[in-house]
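A.B. asks: Have a look at this one before I ask anything.
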Amino acid sequence: MSPHLLLPIPPGAVTLGDSEVAPCPLVLFTSGDIHLLLRARMFLLPSLPRLPGLQLRQPWAPSPRPAVSSCPPRQRLVFLKTHKSGSSSVLNLLHRYGDRHGLRFALPDRYQFGYPRLFQASRVKGYRPQGGVGTQTPFHILCHHMRFNLKEVLQVMPSDSFFFSIVRDPAALARSAFSYYKSTSSAFRKAPSLAAFLASPRAFYRSGARGDHYARNLLWFDFGLPFPPEMRPKRGNPHPPRDPNAPGTHILPSATGPRAQTIDSNAVVQPVSTVADGHGQTGSPASLDLGSSSFIQWGLAWLDSVFDLVMVAEYFDESLVLLADALCWGLDDVVGFVHNAQAGGEQGHNAVGNSGLTPEDRQLTARARAWNNLDWALYVHFNRSLWARIEQYGQSRLESAVAKLRARREALAKHCLEGGEALDPKYISDRRFRPFQFGSAKVLGYRLRSGLSPHDREECERLATPELQYKDKLDAKQFPPTVSAPLKASRLLSP
């Protein structure tokens, strides 16, 4: 039997009751046919060609116990850096790992790949199409901001790369995005507060208006997924989206070839009464019955077929342990400091629940999840898959690894940082460590202790360097500035 693949289900391909639909349908390849296994029932699907170059995903299993050095570390990585989800902290560990090991990054000309347009391979600095002049130097890591576009990503990265990303509870994401993108999103700019916006979002939000992708279902947008018909910009909108393919597209991303598949407008779900997921996420009126929408299920199943791991910001350390295990890295490879955190916000990545919240906060949380219903579906789905993975890994084994990770982070903070924690940017005079300031809230950064040895200073600098400065450092390393050749003496002596 061939390896397993999680295959997206086109709407209408299988008709089952809601109770029959599994969150992660398993596809088996036998004798050239594709079979869908749902709750131990087998259904034959039409034979579909895979996207050229896309390899089958192997079923994940935890590394042997105790950890052994038999597995080679994974070094071909694609990280979808989602907005306001703790992704800057992940980016730092990728920068550090690649920097130490001499890996080659697929870098943008500036700091992101044409966002909010869909990713295009041509935006990668130094990229040459296959068959072009010269030899294409292989890339190891693609990790900077983009709107995901699998077909173009596979033009840059090998199909056996490890694909991963991170999601965050839409309620927490909305709080951060409103502060950070207040001046960028027309919807947020017009609203006096997040509470006022969520109380009547349609009074401020207009689909397709400039910057308003930050104001609704930002995760869904970043993953490059299409939107339900009623969420697409209406004809005649004076502010169409900058990208003609998004979010007004009528085409689903496809792992089965370039042919477009249209969406059934009846296959759209609105938030309904909730189910609690049992892992610290409290139910709200915004929760979704994920089995009741072929539209959402297709999108989630498609993501399952592409991404090897989706981390959860509220369980950041647990996610890092699973990431290290999946990549066959050590814990020191994934330990690091929080980056791009806003002053007054949560400095950790703790689970969000309703305990301890005021009635007003609970109402705001429910409204944020309802307004960002597609993001809430994404979050619930990947929160469940993360905890299924944790159960495979072993709860006690995970707790031990998380404790070691946190102890190591605390020791590094005390050793490297002035005050042992993040600081207001006004206290950071060294521009190499002063984070880019954007939005209404201050973005915290780090100042190194004096008296560090040269080796320790180098490692501490890597840990403390913000993403923009680190990208510039990697850029200069991969593309050193050319120095003009000195003029020959004969030319200098000529009239």
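Lettering and numbering for the structure tokens are positional, with chains as A, B, ... in the shown order, residues counted from 1 in each chain, and ligands counted from 1 in the shown order.
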Would you mind listing what lies within 8 Å of Gly224 (chain A) as a ChimeraX atom specification, with only C-alpha atoms counted and same-chain residues fewer than 2 positions away left out?

C.D. replies: /A:118,147-149,220-222,226,253

A.B. asks: To one decimal place, how far is CA of Phe105 (chain A) from CA of Tyr214 (chain A) in Å?

C.D. replies: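 CA of Phe105 (chain A) sits 26.9 Å away from CA of Tyr214 (chain A).
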
A.B. asks: Find, counting only C-alpha atoms, the residue in A:Tyr446, A:Tyr315, A:Phe113, A:Phe178 that gets nearest to Asp430 (chain A).

C.D. replies: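 Under the stated criterion, the closest residue is A:Tyr446.
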
A.B. asks: Quick one: residues within 9 Å of Leu142 (chain A), only C-alpha atoms counted, chain neighbours fewer than 2 positions away excluded, as a VMD selection string?

C.D. replies: chain A and resid 76 to 80 105 to 107 139 to 140 144 153 156 to 157

A.B. asks: Can I get the selected residues back with N, CA and C atoms, as a PDB file, in the first residue's frame?

C.D. replies:
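part02.pdb, freshly written:
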ATOM      1  N   ARG A  76      15.107  21.531   4.867  1.00  0.00           N
ATOM      2  CA  ARG A  76      14.323  22.139   3.793  1.00  0.00           C
ATOM      3  C   ARG A  76      12.977  22.507   4.392  1.00  0.00           C
ATOM      4  N   LEU A  77      12.761  23.785   4.617  1.00  0.00           N
ATOM      5  CA  LEU A  77      11.634  24.226   5.427  1.00  0.00           C
ATOM      6  C   LEU A  77      10.852  25.325   4.732  1.00  0.00           C
ATOM      7  N   VAL A  78       9.521  25.224   4.803  1.00  0.00           N
ATOM      8  CA  VAL A  78       8.629  26.292   4.361  1.00  0.00           C
ATOM      9  C   VAL A  78       7.764  26.679   5.559  1.00  0.00           C
ATOM     10  N   PHE A  79       7.948  27.898   6.034  1.00  0.00           N
ATOM     11  CA  PHE A  79       7.151  28.398   7.159  1.00  0.00           C
ATOM     12  C   PHE A  79       6.247  29.509   6.665  1.00  0.00           C
ATOM     13  N   LEU A  80       4.937  29.297   6.757  1.00  0.00           N
ATOM     14  CA  LEU A  80       3.984  30.354   6.436  1.00  0.00           C
ATOM     15  C   LEU A  80       3.874  31.265   7.652  1.00  0.00           C
ATOM     16  N   PHE A 105      18.578  31.073   2.436  1.00  0.00           N
ATOM     17  CA  PHE A 105      17.192  31.512   2.587  1.00  0.00           C
ATOM     18  C   PHE A 105      16.641  32.013   1.255  1.00  0.00           C
ATOM     19  N   ALA A 106      15.367  31.730   1.005  1.00  0.00           N
ATOM     20  CA  ALA A 106      14.633  32.356  -0.094  1.00  0.00           C
ATOM     21  C   ALA A 106      14.134  33.699   0.437  1.00  0.00           C
ATOM     22  N   LEU A 107      14.781  34.783   0.052  1.00  0.00           N
ATOM     23  CA  LEU A 107      14.537  36.098   0.642  1.00  0.00           C
ATOM     24  C   LEU A 107      13.751  37.001  -0.305  1.00  0.00           C
ATOM     25  N   PHE A 139      17.509  26.576  -2.416  1.00  0.00           N
ATOM     26  CA  PHE A 139      17.136  27.266  -1.182  1.00  0.00           C
ATOM     27  C   PHE A 139      16.794  26.227  -0.118  1.00  0.00           C
ATOM     28  N   HIS A 140      17.091  26.566   1.118  1.00  0.00           N
ATOM     29  CA  HIS A 140      16.765  25.682   2.236  1.00  0.00           C
ATOM     30  C   HIS A 140      15.521  26.135   2.995  1.00  0.00           C
ATOM     31  N   HIS A 144       9.479  34.173   5.123  1.00  0.00           N
ATOM     32  CA  HIS A 144       9.037  35.551   5.358  1.00  0.00           C
ATOM     33  C   HIS A 144       7.604  35.759   4.891  1.00  0.00           C
ATOM     34  N   VAL A 153       5.107  28.328  -4.590  1.00  0.00           N
ATOM     35  CA  VAL A 153       6.085  27.921  -3.579  1.00  0.00           C
ATOM     36  C   VAL A 153       6.891  26.730  -4.081  1.00  0.00           C
ATOM     37  N   VAL A 156       9.986  27.196  -6.022  1.00  0.00           N
ATOM     38  CA  VAL A 156      11.159  27.670  -5.288  1.00  0.00           C
ATOM     39  C   VAL A 156      11.735  26.586  -4.385  1.00  0.00           C
ATOM     40  N   MET A 157      10.848  25.845  -3.704  1.00  0.00           N
ATOM     41  CA  MET A 157      11.263  24.878  -2.700  1.00  0.00           C
ATOM     42  C   MET A 157      10.958  23.460  -3.164  1.00  0.00           C
TER      43      MET A 157
END

A.B. asks: Quick one: pick out all helix (DSSP H, G or I) residues within region 338-444 of chain A from a backbone DSSP run and write them as a PyMOL selection string.

C.D. replies: chain A and resi 359-371+373-393+395-416+418-420+425-427

A.B. asks: A:Val306, A:Cys143, A:Leu423, A:Ile166: which is nearest Gly86 (chain A), counting only C-alpha atoms?

C.D. replies: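 Answer, going by the shortest atom-to-atom distance: A:Ile166.
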